[in-house]
Every structure is written in structure tokens, then in C-alpha cells.
file my_file.cif (mmCIF, C-alpha atoms and all ligand atoms; chains and numbers go by the auth columns)
data_run
#
loop_
_atom_site.group_PDB
_atom_site.id
_atom_site.type_symbol
_atom_site.label_atom_id
_atom_site.label_comp_id
_atom_site.label_asym_id
_atom_site.label_seq_id
_atom_site.Cartn_x
_atom_site.Cartn_y
_atom_site.Cartn_z
_atom_site.B_iso_or_equiv
_atom_site.auth_seq_id
_atom_site.auth_asym_id
ATOM 1 C CA MET A 1 108.977 88.282 84.086 0.00 180 A
ATOM 2 C CA GLU A 2 110.578 88.341 80.640 0.00 181 A
ATOM 3 C CA LEU A 3 110.813 91.616 78.729 0.00 182 A
ATOM 4 C CA LYS A 4 111.627 91.848 75.027 0.00 183 A
ATOM 5 C CA VAL A 5 112.488 95.176 73.409 0.00 184 A
ATOM 6 C CA LEU A 6 110.616 95.448 70.100 0.00 185 A
ATOM 7 C CA GLY A 7 111.027 99.209 69.712 0.00 186 A
ATOM 8 C CA CYS A 8 112.842 101.688 71.948 0.00 187 A
ATOM 9 C CA HIS A 9 113.399 104.890 69.992 0.00 188 A
ATOM 10 C CA GLY A 10 111.697 108.241 69.602 0.00 189 A
ATOM 11 C CA GLY A 11 111.753 108.018 65.807 0.00 190 A
ATOM 12 C CA GLU A 12 112.284 105.573 62.975 0.00 191 A
ATOM 13 C CA THR A 13 115.041 104.583 60.541 0.00 192 A
ATOM 14 C CA PRO A 14 116.008 101.054 59.406 0.00 193 A
ATOM 15 C CA LYS A 15 117.951 100.808 62.704 0.00 194 A
ATOM 16 C CA HIS A 16 115.430 102.510 64.973 0.00 195 A
ATOM 17 C CA ARG A 17 111.904 101.472 65.923 0.00 196 A
ATOM 18 C CA THR A 18 109.298 103.329 67.946 0.00 197 A
ATOM 19 C CA SER A 19 108.228 102.255 71.427 0.00 198 A
ATOM 20 C CA SER A 20 107.002 98.738 72.047 0.00 199 A
ATOM 21 C CA PHE A 21 107.880 96.181 74.712 0.00 200 A
ATOM 22 C CA LEU A 22 106.657 92.602 75.079 0.00 201 A
ATOM 23 C CA ILE A 23 106.227 90.897 78.453 0.00 202 A
ATOM 24 C CA ASN A 24 106.121 87.072 78.700 0.00 203 A
ATOM 25 C CA ASP A 25 105.162 87.002 74.980 0.00 204 A
ATOM 26 C CA HIS A 26 101.535 87.838 75.902 0.00 205 A
ATOM 27 C CA LEU A 27 101.300 91.497 76.940 0.00 206 A
ATOM 28 C CA ALA A 28 102.611 94.370 74.806 0.00 207 A
ATOM 29 C CA LEU A 29 103.266 97.779 76.307 0.00 208 A
ATOM 30 C CA ASP A 30 102.628 100.204 73.457 0.00 209 A
ATOM 31 C CA ALA A 31 102.510 99.258 69.792 0.00 210 A
ATOM 32 C CA GLY A 32 105.140 101.309 68.004 0.00 211 A
ATOM 33 C CA ALA A 33 106.897 98.218 66.605 0.00 212 A
ATOM 34 C CA ILE A 34 105.012 94.931 66.846 0.00 213 A
ATOM 35 C CA THR A 35 104.308 93.692 63.335 0.00 214 A
ATOM 36 C CA SER A 36 107.694 94.857 62.041 0.00 215 A
ATOM 37 C CA GLN A 37 109.415 92.691 64.690 0.00 216 A
ATOM 38 C CA LEU A 38 107.262 89.608 65.278 0.00 217 A
ATOM 39 C CA SER A 39 106.233 86.680 63.078 0.00 218 A
ATOM 40 C CA LEU A 40 102.555 85.904 62.578 0.00 219 A
ATOM 41 C CA GLY A 41 102.799 83.150 65.196 0.00 220 A
ATOM 42 C CA GLU A 42 104.411 85.485 67.700 0.00 221 A
ATOM 43 C CA GLN A 43 101.822 88.174 66.981 0.00 222 A
ATOM 44 C CA GLN A 44 99.026 85.685 67.628 0.00 223 A
ATOM 45 C CA GLN A 45 100.414 84.954 71.118 0.00 224 A
ATOM 46 C CA ILE A 46 99.774 88.546 72.172 0.00 225 A
ATOM 47 C CA LYS A 47 96.642 88.614 74.305 0.00 226 A
ATOM 48 C CA ALA A 48 96.559 92.305 75.135 0.00 227 A
ATOM 49 C CA VAL A 49 98.194 95.634 74.337 0.00 228 A
ATOM 50 C CA ALA A 50 98.350 98.304 77.052 0.00 229 A
ATOM 51 C CA VAL A 51 98.585 101.731 75.426 0.00 230 A
ATOM 52 C CA SER A 52 100.279 104.533 77.386 0.00 231 A
ATOM 53 C CA HIS A 53 98.830 107.290 75.210 0.00 232 A
ATOM 54 C CA ALA A 54 97.391 107.859 71.762 0.00 233 A
ATOM 55 C CA HIS A 55 100.398 109.361 69.963 0.00 234 A
ATOM 56 C CA LEU A 56 101.069 107.541 66.694 0.00 235 A
ATOM 57 C CA ASP A 57 104.546 106.344 67.622 0.00 236 A
ATOM 58 C CA HIS A 58 102.933 104.291 70.419 0.00 237 A
ATOM 59 C CA ILE A 59 99.867 102.938 68.597 0.00 238 A
ATOM 60 C CA ARG A 60 100.753 102.637 64.890 0.00 239 A
ATOM 61 C CA ASP A 61 101.242 98.851 64.762 0.00 240 A
ATOM 62 C CA LEU A 62 97.816 98.229 66.269 0.00 241 A
ATOM 63 C CA ALA A 63 96.544 98.658 62.707 0.00 242 A
ATOM 64 C CA PRO A 64 98.394 95.758 61.041 0.00 243 A
ATOM 65 C CA LEU A 65 98.377 93.648 64.240 0.00 244 A
ATOM 66 C CA VAL A 66 94.594 93.722 64.455 0.00 245 A
ATOM 67 C CA ASP A 67 94.176 93.240 60.702 0.00 246 A
ATOM 68 C CA ASN A 68 96.391 90.128 60.838 0.00 247 A
ATOM 69 C CA ARG A 69 94.548 88.853 63.912 0.00 248 A
ATOM 70 C CA CYS A 70 91.209 89.123 62.186 0.00 249 A
ATOM 71 C CA GLN A 71 92.445 87.008 59.288 0.00 250 A
ATOM 72 C CA GLN A 72 94.149 84.545 61.626 0.00 251 A
ATOM 73 C CA GLY A 73 90.746 83.730 63.095 0.00 252 A
ATOM 74 C CA GLY A 74 91.360 85.040 66.610 0.00 253 A
ATOM 75 C CA PRO A 75 91.738 85.001 69.482 0.00 254 A
ATOM 76 C CA GLY A 76 90.375 88.509 70.022 0.00 255 A
ATOM 77 C CA LEU A 77 92.875 91.135 71.135 0.00 256 A
ATOM 78 C CA GLU A 78 92.297 93.313 74.159 0.00 257 A
ATOM 79 C CA ILE A 79 93.383 96.962 74.084 0.00 258 A
ATOM 80 C CA LEU A 80 93.808 98.602 77.480 0.00 259 A
ATOM 81 C CA GLY A 81 94.153 102.307 78.166 0.00 260 A
ATOM 82 C CA THR A 82 92.732 105.143 80.204 0.00 261 A
ATOM 83 C CA ALA A 83 89.320 106.495 79.216 0.00 262 A
ATOM 84 C CA ALA A 84 90.966 109.456 77.441 0.00 263 A
ATOM 85 C CA THR A 85 93.331 107.228 75.444 0.00 264 A
ATOM 86 C CA LEU A 86 90.614 104.788 74.376 0.00 265 A
ATOM 87 C CA LYS A 87 88.395 107.692 73.339 0.00 266 A
ATOM 88 C CA GLU A 88 91.135 108.946 70.990 0.00 267 A
ATOM 89 C CA LEU A 89 91.679 105.455 69.550 0.00 268 A
ATOM 90 C CA LYS A 90 87.975 104.983 68.856 0.00 269 A
ATOM 91 C CA ARG A 91 87.449 108.476 67.469 0.00 270 A
ATOM 92 C CA HIS A 92 90.601 108.911 65.377 0.00 271 A
ATOM 93 C CA PHE A 93 92.099 105.496 64.621 0.00 272 A
ATOM 94 C CA PHE A 94 89.621 102.574 64.600 0.00 273 A
ATOM 95 C CA ASN A 95 86.906 104.909 63.336 0.00 274 A
ATOM 96 C CA ASP A 96 85.875 103.215 60.064 0.00 275 A
ATOM 97 C CA ARG A 97 87.720 105.963 58.159 0.00 276 A
ATOM 98 C CA LEU A 98 91.413 105.864 58.997 0.00 277 A
ATOM 99 C CA TRP A 99 91.086 102.133 59.766 0.00 278 A
ATOM 100 C CA PRO A 100 88.111 99.798 60.240 0.00 279 A
ATOM 101 C CA ASP A 101 86.339 99.630 63.591 0.00 280 A
ATOM 102 C CA PHE A 102 87.526 96.137 64.481 0.00 281 A
ATOM 103 C CA SER A 103 85.416 96.122 67.647 0.00 282 A
ATOM 104 C CA LYS A 104 82.473 95.576 65.260 0.00 283 A
ATOM 105 C CA ILE A 105 84.257 92.998 63.074 0.00 284 A
ATOM 106 C CA GLU A 106 84.173 89.465 64.390 0.00 285 A
ATOM 107 C CA THR A 107 86.787 86.756 64.162 0.00 286 A
ATOM 108 C CA ALA A 108 85.916 83.230 65.314 0.00 287 A
ATOM 109 C CA GLY A 109 82.558 84.493 66.606 0.00 288 A
ATOM 110 C CA ALA A 110 83.917 87.276 68.833 0.00 289 A
ATOM 111 C CA PRO A 111 84.969 90.911 68.269 0.00 290 A
ATOM 112 C CA THR A 112 88.511 91.175 66.879 0.00 291 A
ATOM 113 C CA ILE A 113 89.270 93.853 69.468 0.00 292 A
ATOM 114 C CA THR A 114 87.740 94.646 72.824 0.00 293 A
ATOM 115 C CA TYR A 115 88.601 97.683 74.919 0.00 294 A
ATOM 116 C CA ARG A 116 89.273 97.744 78.653 0.00 295 A
ATOM 117 C CA THR A 117 89.277 101.099 80.410 0.00 296 A
ATOM 118 C CA LEU A 118 92.031 101.562 82.973 0.00 297 A
ATOM 119 C CA ARG A 119 91.452 103.801 85.949 0.00 298 A
ATOM 120 C CA PRO A 120 94.464 105.607 87.412 0.00 299 A
ATOM 121 C CA GLU A 121 96.151 103.585 90.140 0.00 300 A
ATOM 122 C CA LYS A 122 93.517 100.831 90.046 0.00 301 A
ATOM 123 C CA PRO A 123 95.315 97.509 89.447 0.00 302 A
ATOM 124 C CA THR A 124 93.843 95.112 86.905 0.00 303 A
ATOM 125 C CA GLN A 125 94.721 91.538 85.925 0.00 304 A
ATOM 126 C CA VAL A 126 95.783 90.943 82.331 0.00 305 A
ATOM 127 C CA ALA A 127 97.657 88.095 80.641 0.00 306 A
ATOM 128 C CA GLY A 128 98.624 86.615 84.014 0.00 307 A
ATOM 129 C CA LEU A 129 100.077 89.918 85.258 0.00 308 A
ATOM 130 C CA THR A 130 98.901 92.822 87.373 0.00 309 A
ATOM 131 C CA LEU A 131 98.889 96.174 85.596 0.00 310 A
ATOM 132 C CA LYS A 132 98.556 99.500 87.407 0.00 311 A
ATOM 133 C CA PRO A 133 98.384 102.779 85.454 0.00 312 A
ATOM 134 C CA VAL A 134 99.809 105.983 86.903 0.00 313 A
ATOM 135 C CA GLN A 135 99.247 109.370 85.272 0.00 314 A
ATOM 136 C CA VAL A 136 102.401 111.164 84.058 0.00 315 A
ATOM 137 C CA ASP A 137 103.043 114.546 82.407 0.00 316 A
ATOM 138 C CA HIS A 138 103.068 114.673 78.599 0.00 317 A
ATOM 139 C CA THR A 139 101.217 116.816 76.042 0.00 318 A
ATOM 140 C CA ILE A 140 98.158 114.529 76.076 0.00 319 A
ATOM 141 C CA ASP A 141 96.687 112.165 78.693 0.00 320 A
ATOM 142 C CA THR A 142 99.442 109.609 79.315 0.00 321 A
ATOM 143 C CA ALA A 143 99.877 106.739 81.745 0.00 322 A
ATOM 144 C CA ALA A 144 102.895 104.932 83.082 0.00 323 A
ATOM 145 C CA PHE A 145 102.380 101.268 83.961 0.00 324 A
ATOM 146 C CA VAL A 146 103.560 99.275 86.949 0.00 325 A
ATOM 147 C CA VAL A 147 103.536 95.610 85.896 0.00 326 A
ATOM 148 C CA SER A 148 103.783 92.925 88.568 0.00 327 A
ATOM 149 C CA ASP A 149 103.876 89.169 88.988 0.00 328 A
ATOM 150 C CA ASP A 150 104.575 87.160 92.130 0.00 329 A
ATOM 151 C CA GLN A 151 108.329 87.685 91.665 0.00 330 A
ATOM 152 C CA GLY A 152 108.283 91.496 91.575 0.00 331 A
ATOM 153 C CA SER A 153 107.369 94.615 89.625 0.00 332 A
ATOM 154 C CA ILE A 154 108.741 96.704 86.800 0.00 333 A
ATOM 155 C CA ALA A 155 107.566 100.155 85.737 0.00 334 A
ATOM 156 C CA TYR A 156 107.240 101.661 82.248 0.00 335 A
ATOM 157 C CA SER A 157 107.044 105.444 82.109 0.00 336 A
ATOM 158 C CA GLY A 158 105.347 106.052 78.758 0.00 337 A
ATOM 159 C CA ASP A 159 106.282 109.479 77.384 0.00 338 A
ATOM 160 C CA THR A 160 106.760 112.048 80.120 0.00 339 A
ATOM 161 C CA GLY A 161 108.582 115.166 81.107 0.00 340 A
ATOM 162 C CA PRO A 162 109.264 116.034 84.736 0.00 341 A
ATOM 163 C CA THR A 163 106.515 114.446 86.831 0.00 342 A
ATOM 164 C CA GLU A 164 105.577 113.845 90.478 0.00 343 A
ATOM 165 C CA ARG A 165 103.047 111.115 91.145 0.00 344 A
ATOM 166 C CA LEU A 166 104.966 108.356 89.342 0.00 345 A
ATOM 167 C CA TRP A 167 107.949 108.761 91.668 0.00 346 A
ATOM 168 C CA GLN A 168 105.688 108.625 94.729 0.00 347 A
ATOM 169 C CA VAL A 169 104.097 105.407 93.487 0.00 348 A
ATOM 170 C CA LEU A 170 107.510 103.885 92.697 0.00 349 A
ATOM 171 C CA ASN A 171 108.746 104.802 96.162 0.00 350 A
ATOM 172 C CA GLU A 172 105.763 102.875 97.532 0.00 351 A
ATOM 173 C CA THR A 173 106.577 99.776 95.415 0.00 352 A
ATOM 174 C CA PRO A 174 109.044 97.758 97.511 0.00 353 A
ATOM 175 C CA ASP A 175 109.486 94.914 95.000 0.00 354 A
ATOM 176 C CA LEU A 176 110.394 97.216 92.088 0.00 355 A
ATOM 177 C CA ARG A 177 113.074 95.577 89.881 0.00 356 A
ATOM 178 C CA ALA A 178 113.556 98.146 87.106 0.00 357 A
ATOM 179 C CA LEU A 179 112.160 101.300 85.555 0.00 358 A
ATOM 180 C CA LEU A 180 111.828 101.749 81.800 0.00 359 A
ATOM 181 C CA MET A 181 112.180 105.512 81.428 0.00 360 A
ATOM 182 C CA GLU A 182 112.022 107.863 78.503 0.00 361 A
ATOM 183 C CA VAL A 183 114.665 110.377 77.523 0.00 362 A
ATOM 184 C CA SER A 184 114.293 112.045 74.134 0.00 363 A
ATOM 185 C CA PHE A 185 116.327 115.192 73.487 0.00 364 A
ATOM 186 C CA PRO A 186 119.836 116.484 74.342 0.00 365 A
ATOM 187 C CA ASN A 187 120.307 119.234 76.922 0.00 366 A
ATOM 188 C CA GLU A 188 120.657 121.828 74.142 0.00 367 A
ATOM 189 C CA GLN A 189 117.011 121.139 73.183 0.00 368 A
ATOM 190 C CA THR A 190 115.558 121.710 76.655 0.00 369 A
ATOM 191 C CA LYS A 191 112.943 124.194 75.436 0.00 370 A
ATOM 192 C CA LEU A 192 111.652 121.752 72.823 0.00 371 A
ATOM 193 C CA ALA A 193 111.750 118.901 75.336 0.00 372 A
ATOM 194 C CA ILE A 194 109.683 120.838 77.873 0.00 373 A
ATOM 195 C CA GLU A 195 107.190 122.023 75.248 0.00 374 A
ATOM 196 C CA SER A 196 106.735 118.493 73.915 0.00 375 A
ATOM 197 C CA GLY A 197 106.555 116.792 77.325 0.00 376 A
ATOM 198 C CA HIS A 198 109.830 114.884 77.160 0.00 377 A
ATOM 199 C CA HIS A 199 113.088 114.535 79.086 0.00 378 A
ATOM 200 C CA THR A 200 116.657 115.567 78.400 0.00 379 A
ATOM 201 C CA PRO A 201 119.500 113.904 80.351 0.00 380 A
ATOM 202 C CA ARG A 202 119.568 116.943 82.645 0.00 381 A
ATOM 203 C CA THR A 203 115.835 117.015 83.423 0.00 382 A
ATOM 204 C CA LEU A 204 115.920 113.235 83.857 0.00 383 A
ATOM 205 C CA ALA A 205 118.805 113.442 86.353 0.00 384 A
ATOM 206 C CA LYS A 206 116.853 116.042 88.292 0.00 385 A
ATOM 207 C CA ASP A 207 113.661 113.947 88.301 0.00 386 A
ATOM 208 C CA LEU A 208 115.578 110.817 89.357 0.00 387 A
ATOM 209 C CA LYS A 209 116.393 112.582 92.630 0.00 388 A
ATOM 210 C CA LYS A 210 112.758 111.911 93.574 0.00 389 A
ATOM 211 C CA LEU A 211 113.419 108.140 93.442 0.00 390 A
ATOM 212 C CA LYS A 212 114.436 106.699 96.800 0.00 391 A
ATOM 213 C CA GLN A 213 115.826 103.404 95.444 0.00 392 A
ATOM 214 C CA ALA A 214 119.082 104.897 94.114 0.00 393 A
ATOM 215 C CA ASP A 215 120.461 101.570 92.823 0.00 394 A
ATOM 216 C CA LEU A 216 117.345 100.723 90.764 0.00 395 A
ATOM 217 C CA PRO A 217 118.233 99.739 87.167 0.00 396 A
ATOM 218 C CA ILE A 218 116.949 102.510 84.866 0.00 397 A
ATOM 219 C CA LEU A 219 116.414 101.258 81.302 0.00 398 A
ATOM 220 C CA LEU A 220 116.214 104.183 78.913 0.00 399 A
ATOM 221 C CA PHE A 221 114.259 104.455 75.662 0.00 400 A
ATOM 222 C CA HIS A 222 112.710 107.010 73.249 0.00 401 A
ATOM 223 C CA ILE A 223 115.951 108.795 72.273 0.00 402 A
ATOM 224 C CA LYS A 224 115.385 110.697 69.026 0.00 403 A
ATOM 225 C CA PRO A 225 117.599 109.077 66.320 0.00 404 A
ATOM 226 C CA VAL A 226 118.851 112.483 65.131 0.00 405 A
ATOM 227 C CA PHE A 227 120.234 113.219 68.606 0.00 406 A
ATOM 228 C CA GLU A 228 121.297 109.698 69.583 0.00 407 A
ATOM 229 C CA ALA A 229 125.065 110.248 69.926 0.00 408 A
ATOM 230 C CA LYS A 230 124.669 113.510 71.817 0.00 409 A
ATOM 231 C CA VAL A 231 122.082 112.158 74.264 0.00 410 A
ATOM 232 C CA GLU A 232 124.187 109.053 74.973 0.00 411 A
ATOM 233 C CA GLN A 233 127.268 111.227 75.645 0.00 412 A
ATOM 234 C CA GLN A 234 125.297 113.329 78.091 0.00 413 A
ATOM 235 C CA LEU A 235 123.764 110.287 79.798 0.00 414 A
ATOM 236 C CA ALA A 236 127.244 108.813 80.306 0.00 415 A
ATOM 237 C CA LYS A 237 128.064 111.748 82.578 0.00 416 A
ATOM 238 C CA ILE A 238 125.266 110.852 85.016 0.00 417 A
ATOM 239 C CA LYS A 239 127.064 108.675 87.562 0.00 418 A
ATOM 240 C CA LYS A 240 124.608 108.469 90.436 0.00 419 A
ATOM 241 C CA HIS A 241 122.246 105.983 88.820 0.00 420 A
ATOM 242 C CA HIS A 242 122.412 102.662 86.960 0.00 421 A
ATOM 243 C CA LEU A 243 121.417 103.914 83.528 0.00 422 A
ATOM 244 C CA THR A 244 121.265 101.575 80.531 0.00 423 A
ATOM 245 C CA VAL A 245 120.188 102.645 77.042 0.00 424 A
ATOM 246 C CA MET A 246 118.078 99.825 75.630 0.00 425 A
ATOM 247 C CA ASN A 247 118.712 98.367 72.181 0.00 426 A
ATOM 248 C CA LEU A 248 116.409 96.636 69.722 0.00 427 A
ATOM 249 C CA GLY A 249 116.237 92.919 70.468 0.00 428 A
ATOM 250 C CA ASP A 250 117.379 93.236 74.087 0.00 429 A
ATOM 251 C CA GLN A 251 115.800 90.757 76.476 0.00 430 A
ATOM 252 C CA PHE A 252 115.644 91.112 80.239 0.00 431 A
ATOM 253 C CA LEU A 253 114.565 88.740 82.992 0.00 432 A
ATOM 254 C CA PHE A 254 113.204 90.255 86.198 0.00 433 A
HETATM 255 ZN ZN ZN B . 103.963 111.044 73.042 0.00 501 B
HETATM 256 ZN ZN ZN B . 106.564 108.840 71.911 0.00 502 B
#

call {"tool": "encode", "arguments": {"input": "my_file.cif", "output": "C-alpha cells", "more": "lines below"}}
Ligand SMILES: [Zn+2]
Ligand SMILES: [Zn+2]
result
Amino acid sequence: MELKVLGCHGGETPKHRTSSFLINDHLALDAGAITSQLSLGEQQQIKAVAVSHAHLDHIRDLAPLVDNRCQQGGPGLEILGTAATLKELKRHFFNDRLWPDFSKIETAGAPTITYRTLRPEKPTQVAGLTLKPVQVDHTIDTAAFVVSDDQGSIAYSGDTGPTERLWQVLNETPDLRALLMEVSFPNEQTKLAIESGHHTPRTLAKDLKKLKQADLPILLFHIKPVFEAKVEQQLAKIKKHHLTVMNLGDQFLF
């Protein structure tokens, strides 16, 4: 499985892009930074986007991606999410007000977008991969994803604060190769982190104790640009785990 980092920050500047990761060029996990990072040809290779939750920093590039796709003449793009996430997208985003309802606009004789509802912990096949959503703890309905092929699995946390079920599922995933995990605020902002459903290095270290596979590579994302230096300093003090802060343009093979 090949993973490309298109966006891995909790905010935006010319050097920071919001969350988006591309697997095998065909499946995007979240859409915080797709059209700003990929050529038209690369965009057209994306078959599906799995959306962890409906916050703007995870869905924003669906708008230009779908618009481009419509004009490119297909193929249609599939958007996957839990029932709650898809409801928000239909009601507040592709609602014919903020942006057109592209599920009613055809390209090459088929809807430009189709929706697929994910049910928690029910695996589904998409773009040659198996995708399993797991509910995590954020301010709105949010799913982590376990993505698998015949070589192994990786997990993507979405946005989450301290959580329980995800760790249980990961402990029951013997072929797990890596976890993409959020951390957003420094320890000094713990109150804000808890209120907004995010991690600090300290709450992350505490949650990681629930993971049995202590040597699992943990790939970190969603650091707020304003607090980047501070969060990285604090992460460097966590020695028990293999923590790596992801950078734009990073590529990983699992
Ligand atoms: Zn969020
Ligand atoms: Zn976010």
C-alpha cells in the first residue's frame, strides 16, 4: 500500500495544508488538500474519498475536486462516510446553495458523485482496498478508518481526543503496519484540546498506553501551525513510542 501525504496540518498557511492522504493514487482519506496538491490527471485517478467527519478542514477540497471531475467528463466520484457525516454533506455542503448538488448533475451519463454509507466496524471494498470505519471521540460524529490490502493494514484516526474503541480494534488487528494519529495542541492548551475533541502530546501519550503493539510506527498529523514548534518539542520527549511527524509530500510504503 502506498500512502502520499497531501495535507497533514490542523490549519493552513503557504507551508501547511489541512488533512488529506492518498492511498495507491485511487482512494483519498479526507479532502482537506486535494486540488491544491494534485494535477488534473492525478485528481481524475481518484475513485473515492472516504470522509472521517464533516468539519471543513477535512472536506473543503471536495468542492473543486467534484467541479473539475464534472468538467473532465467522469468517471463519477464516490464519497464514503457514516450516515451522520453524509447527512451533513448533503444538507450543508452539496445542497444547491453553498455548492451544487453534484449527485443530481451527470457527467458521461452518470451522477458526478454518488454516496456510500459506512456502518461502524462493517468492512467495505473500495478502490481495491478494504475500509473499516471505527467511531472515535470528537465534537461531531467522526470515524477512524482501518484500510487493508492483502499485505497488511494501516489505520487513520480522523480527528479525536482520548478514545476507547479504536484502540480495542487496533489491538485486534494483527497485521497493522502503522497508525496515522492526530495531535493538535500543546500541553498548555489542554482545556481547549479537550473541549474541541483533540489531543495534546500528553493526552496522546496517555491514550497510546492502550495500544498493545508498542513498536507500531505512529505517524502524526493535524498539528496547529501556530503551535507547531511547541508541539514538536513536547512530542520529542515521548520516548516509549515510534512517533514521526508527517510532512507535506511524504510518501510511505506499507
Ligand atoms: Zn474536526
Ligand atoms: Zn480537523

call {"tool": "resolve_selection", "arguments": {"input": "my_file.cif", "expression": "the PyMOL selection byres (((chain A and resi 214) around 7) and not hetatm)", "output": "PDB file with C-alpha atoms, in the frame of the given file"}}
result
ATOM      1  CA  ALA A 212     106.897  98.218  66.605  1.00  0.00           C
ATOM      2  CA  ILE A 213     105.012  94.931  66.846  1.00  0.00           C
ATOM      3  CA  SER A 215     107.694  94.857  62.041  1.00  0.00           C
ATOM      4  CA  GLN A 216     109.415  92.691  64.690  1.00  0.00           C
ATOM      5  CA  LEU A 217     107.262  89.608  65.278  1.00  0.00           C
ATOM      6  CA  ASP A 240     101.242  98.851  64.762  1.00  0.00           C
ATOM      7  CA  PRO A 243      98.394  95.758  61.041  1.00  0.00           C
ATOM      8  CA  LEU A 244      98.377  93.648  64.240  1.00  0.00           C
TER       9      LEU A 244
END

call {"tool": "resolve_selection", "arguments": {"input": "my_file.cif", "expression": "the PyMOL selection byres (((chain A and resi 307) around 10) and not hetatm)", "output": "mmCIF file with C-alpha atoms, in the frame of the given file"}}
result
data_model
loop_
_atom_site.group_PDB
_atom_site.id
_atom_site.type_symbol
_atom_site.label_atom_id
_atom_site.label_comp_id
_atom_site.auth_asym_id
_atom_site.auth_seq_id
_atom_site.Cartn_x
_atom_site.Cartn_y
_atom_site.Cartn_z
ATOM 1 C CA ASN A 203 106.121 87.072 78.700
ATOM 2 C CA HIS A 205 101.535 87.838 75.902
ATOM 3 C CA LEU A 206 101.300 91.497 76.940
ATOM 4 C CA GLN A 304 94.721 91.538 85.925
ATOM 5 C CA VAL A 305 95.783 90.943 82.331
ATOM 6 C CA ALA A 306 97.657 88.095 80.641
ATOM 7 C CA LEU A 308 100.077 89.918 85.258
ATOM 8 C CA THR A 309 98.901 92.822 87.373
ATOM 9 C CA LEU A 310 98.889 96.174 85.596
ATOM 10 C CA SER A 327 103.783 92.925 88.568
ATOM 11 C CA ASP A 328 103.876 89.169 88.988
#

call {"tool": "residues_around", "arguments": {"input": "my_file.cif", "residues": "Ile373 (chain A)", "least_positions_apart": "5", "cutoff": "10 Å", "atoms": "all atoms listed in the file", "output": "list in words"}}
result
His317, Thr318, Thr339, Gly340, Pro341, Phe364, Gln368, His378, Thr379 and Thr382 of chain A

call {"tool": "resolve_selection", "arguments": {"input": "my_file.cif", "expression": "the PyMOL selection byres (((not hetatm)) within 9 of (chain B and resi 501))", "output": "list in words"}}
result
Gly189, Ser231, His232, Ala233, His234, Leu235, Asp236, His237, His317, Thr318, Ile319, Thr321, Gly337, Asp338, Thr339, Ser375, Gly376 and His377 of chain A

call {"tool": "atom_distance", "arguments": {"input": "my_file.cif", "atom1": "CA of Cys187 (chain A)", "atom2": "CA of Ala207 (chain A)"}}
result
12.9 Å

call {"tool": "residues_around", "arguments": {"input": "my_file.cif", "residues": "region 355-361 of chain A", "least_positions_apart": "4", "cutoff": "6 Å", "atoms": "all atoms listed in the file", "output": "ChimeraX atom specification"}}
result
/A:332-336,395-401

call {"tool": "atom_distance", "arguments": {"input": "my_file.cif", "atom1": "CA of Pro312 (chain A)", "atom2": "CA of Trp346 (chain A)"}}
result
12.9 Å

call {"tool": "atom_distance", "arguments": {"input": "my_file.cif", "atom1": "CA of Glu343 (chain A)", "atom2": "CA of Leu201 (chain A)"}}
result
26.3 Å

call {"tool": "axis_aligned_box", "arguments": {"input": "my_file.cif", "around": "region 344-357 of chain A", "padding_each_side": "8 Å", "output": "AutoDock Vina command-line options"}}
result
--center_x 108.3 --center_y 103.0 --center_z 92.3 --size_x 26.5 --size_y 32.2 --size_z 26.4

call {"tool": "closest_residue", "arguments": {"input": "my_file.cif", "among": "A:Leu427, A:Leu185, A:Leu383, A:Val362", "to": "ligand ZN 502 (chain B)", "atoms": "only C-alpha atoms and all ligand atoms"}}
result
A:Val362

call {"tool": "closest_residue", "arguments": {"input": "my_file.cif", "among": "A:Val348, A:Lys269, A:Ile402, A:Gln413", "to": "ligand ZN 502 (chain B)", "atoms": "all atoms listed in the file"}}
result
A:Ile402

call {"tool": "closest_residue", "arguments": {"input": "my_file.cif", "among": "A:Gly252, A:Gly260, A:Pro365, A:Gly428", "to": "Pro404 (chain A)", "atoms": "only C-alpha atoms"}}
result
A:Pro365

call {"tool": "closest_residue", "arguments": {"input": "my_file.cif", "among": "A:Lys226, A:His421, A:Lys183, A:Lys194", "to": "Leu387 (chain A)", "atoms": "all atoms listed in the file"}}
result
A:His421

call {"tool": "residues_around", "arguments": {"input": "my_file.cif", "residues": "region 246-250 of chain A", "least_positions_apart": "4", "cutoff": "7 Å", "atoms": "all atoms listed in the file", "output": "PyMOL selection string"}}
result
chain A and resi 223+242+286+291

call {"tool": "closest_residue", "arguments": {"input": "my_file.cif", "among": "A:Leu208, A:Ala289, A:Val184, A:Leu345", "to": "Val315 (chain A)", "atoms": "all atoms listed in the file"}}
result
A:Leu345

call {"tool": "closest_residue", "arguments": {"input": "my_file.cif", "among": "A:Lys403, A:His195, A:Lys301, A:Lys389", "to": "ligand ZN 502 (chain B)", "atoms": "all atoms listed in the file"}}
result
A:Lys403

call {"tool": "decode", "arguments": {"input": "my_file.cif", "residues": "region 193-200 of chain A", "atoms": "N, CA, C and O atoms", "output": "PDB file, in the first residue's frame"}}
result
ATOM      1  N   PRO A 193       0.912  29.070   3.583  1.00  0.00           N
ATOM      2  CA  PRO A 193       1.527  28.527   2.354  1.00  0.00           C
ATOM      3  C   PRO A 193       2.340  27.248   2.598  1.00  0.00           C
ATOM      4  O   PRO A 193       2.574  26.482   1.661  1.00  0.00           O
ATOM      5  N   LYS A 194       2.763  26.999   3.827  1.00  0.00           N
ATOM      6  CA  LYS A 194       3.551  25.788   4.119  1.00  0.00           C
ATOM      7  C   LYS A 194       2.759  24.704   4.854  1.00  0.00           C
ATOM      8  O   LYS A 194       3.325  23.676   5.237  1.00  0.00           O
ATOM      9  N   HIS A 195       1.502  24.949   5.088  1.00  0.00           N
ATOM     10  CA  HIS A 195       0.685  23.979   5.825  1.00  0.00           C
ATOM     11  C   HIS A 195      -0.608  23.731   5.064  1.00  0.00           C
ATOM     12  O   HIS A 195      -1.219  24.678   4.564  1.00  0.00           O
ATOM     13  N   ARG A 196      -1.018  22.466   5.016  1.00  0.00           N
ATOM     14  CA  ARG A 196      -2.258  22.104   4.331  1.00  0.00           C
ATOM     15  C   ARG A 196      -3.083  21.197   5.231  1.00  0.00           C
ATOM     16  O   ARG A 196      -2.541  20.361   5.939  1.00  0.00           O
ATOM     17  N   THR A 197      -4.397  21.344   5.148  1.00  0.00           N
ATOM     18  CA  THR A 197      -5.264  20.563   6.040  1.00  0.00           C
ATOM     19  C   THR A 197      -5.394  19.107   5.545  1.00  0.00           C
ATOM     20  O   THR A 197      -5.004  18.774   4.431  1.00  0.00           O
ATOM     21  N   SER A 198      -5.957  18.269   6.406  1.00  0.00           N
ATOM     22  CA  SER A 198      -5.796  16.813   6.307  1.00  0.00           C
ATOM     23  C   SER A 198      -6.284  16.188   5.002  1.00  0.00           C
ATOM     24  O   SER A 198      -7.465  16.328   4.635  1.00  0.00           O
ATOM     25  N   SER A 199      -5.388  15.460   4.360  1.00  0.00           N
ATOM     26  CA  SER A 199      -5.757  14.653   3.211  1.00  0.00           C
ATOM     27  C   SER A 199      -4.618  13.684   2.891  1.00  0.00           C
ATOM     28  O   SER A 199      -3.459  14.083   2.851  1.00  0.00           O
ATOM     29  N   PHE A 200      -4.973  12.442   2.671  1.00  0.00           N
ATOM     30  CA  PHE A 200      -3.986  11.390   2.419  1.00  0.00           C
ATOM     31  C   PHE A 200      -4.484  10.547   1.260  1.00  0.00           C
ATOM     32  O   PHE A 200      -5.679  10.261   1.155  1.00  0.00           O
TER      33      PHE A 200
END
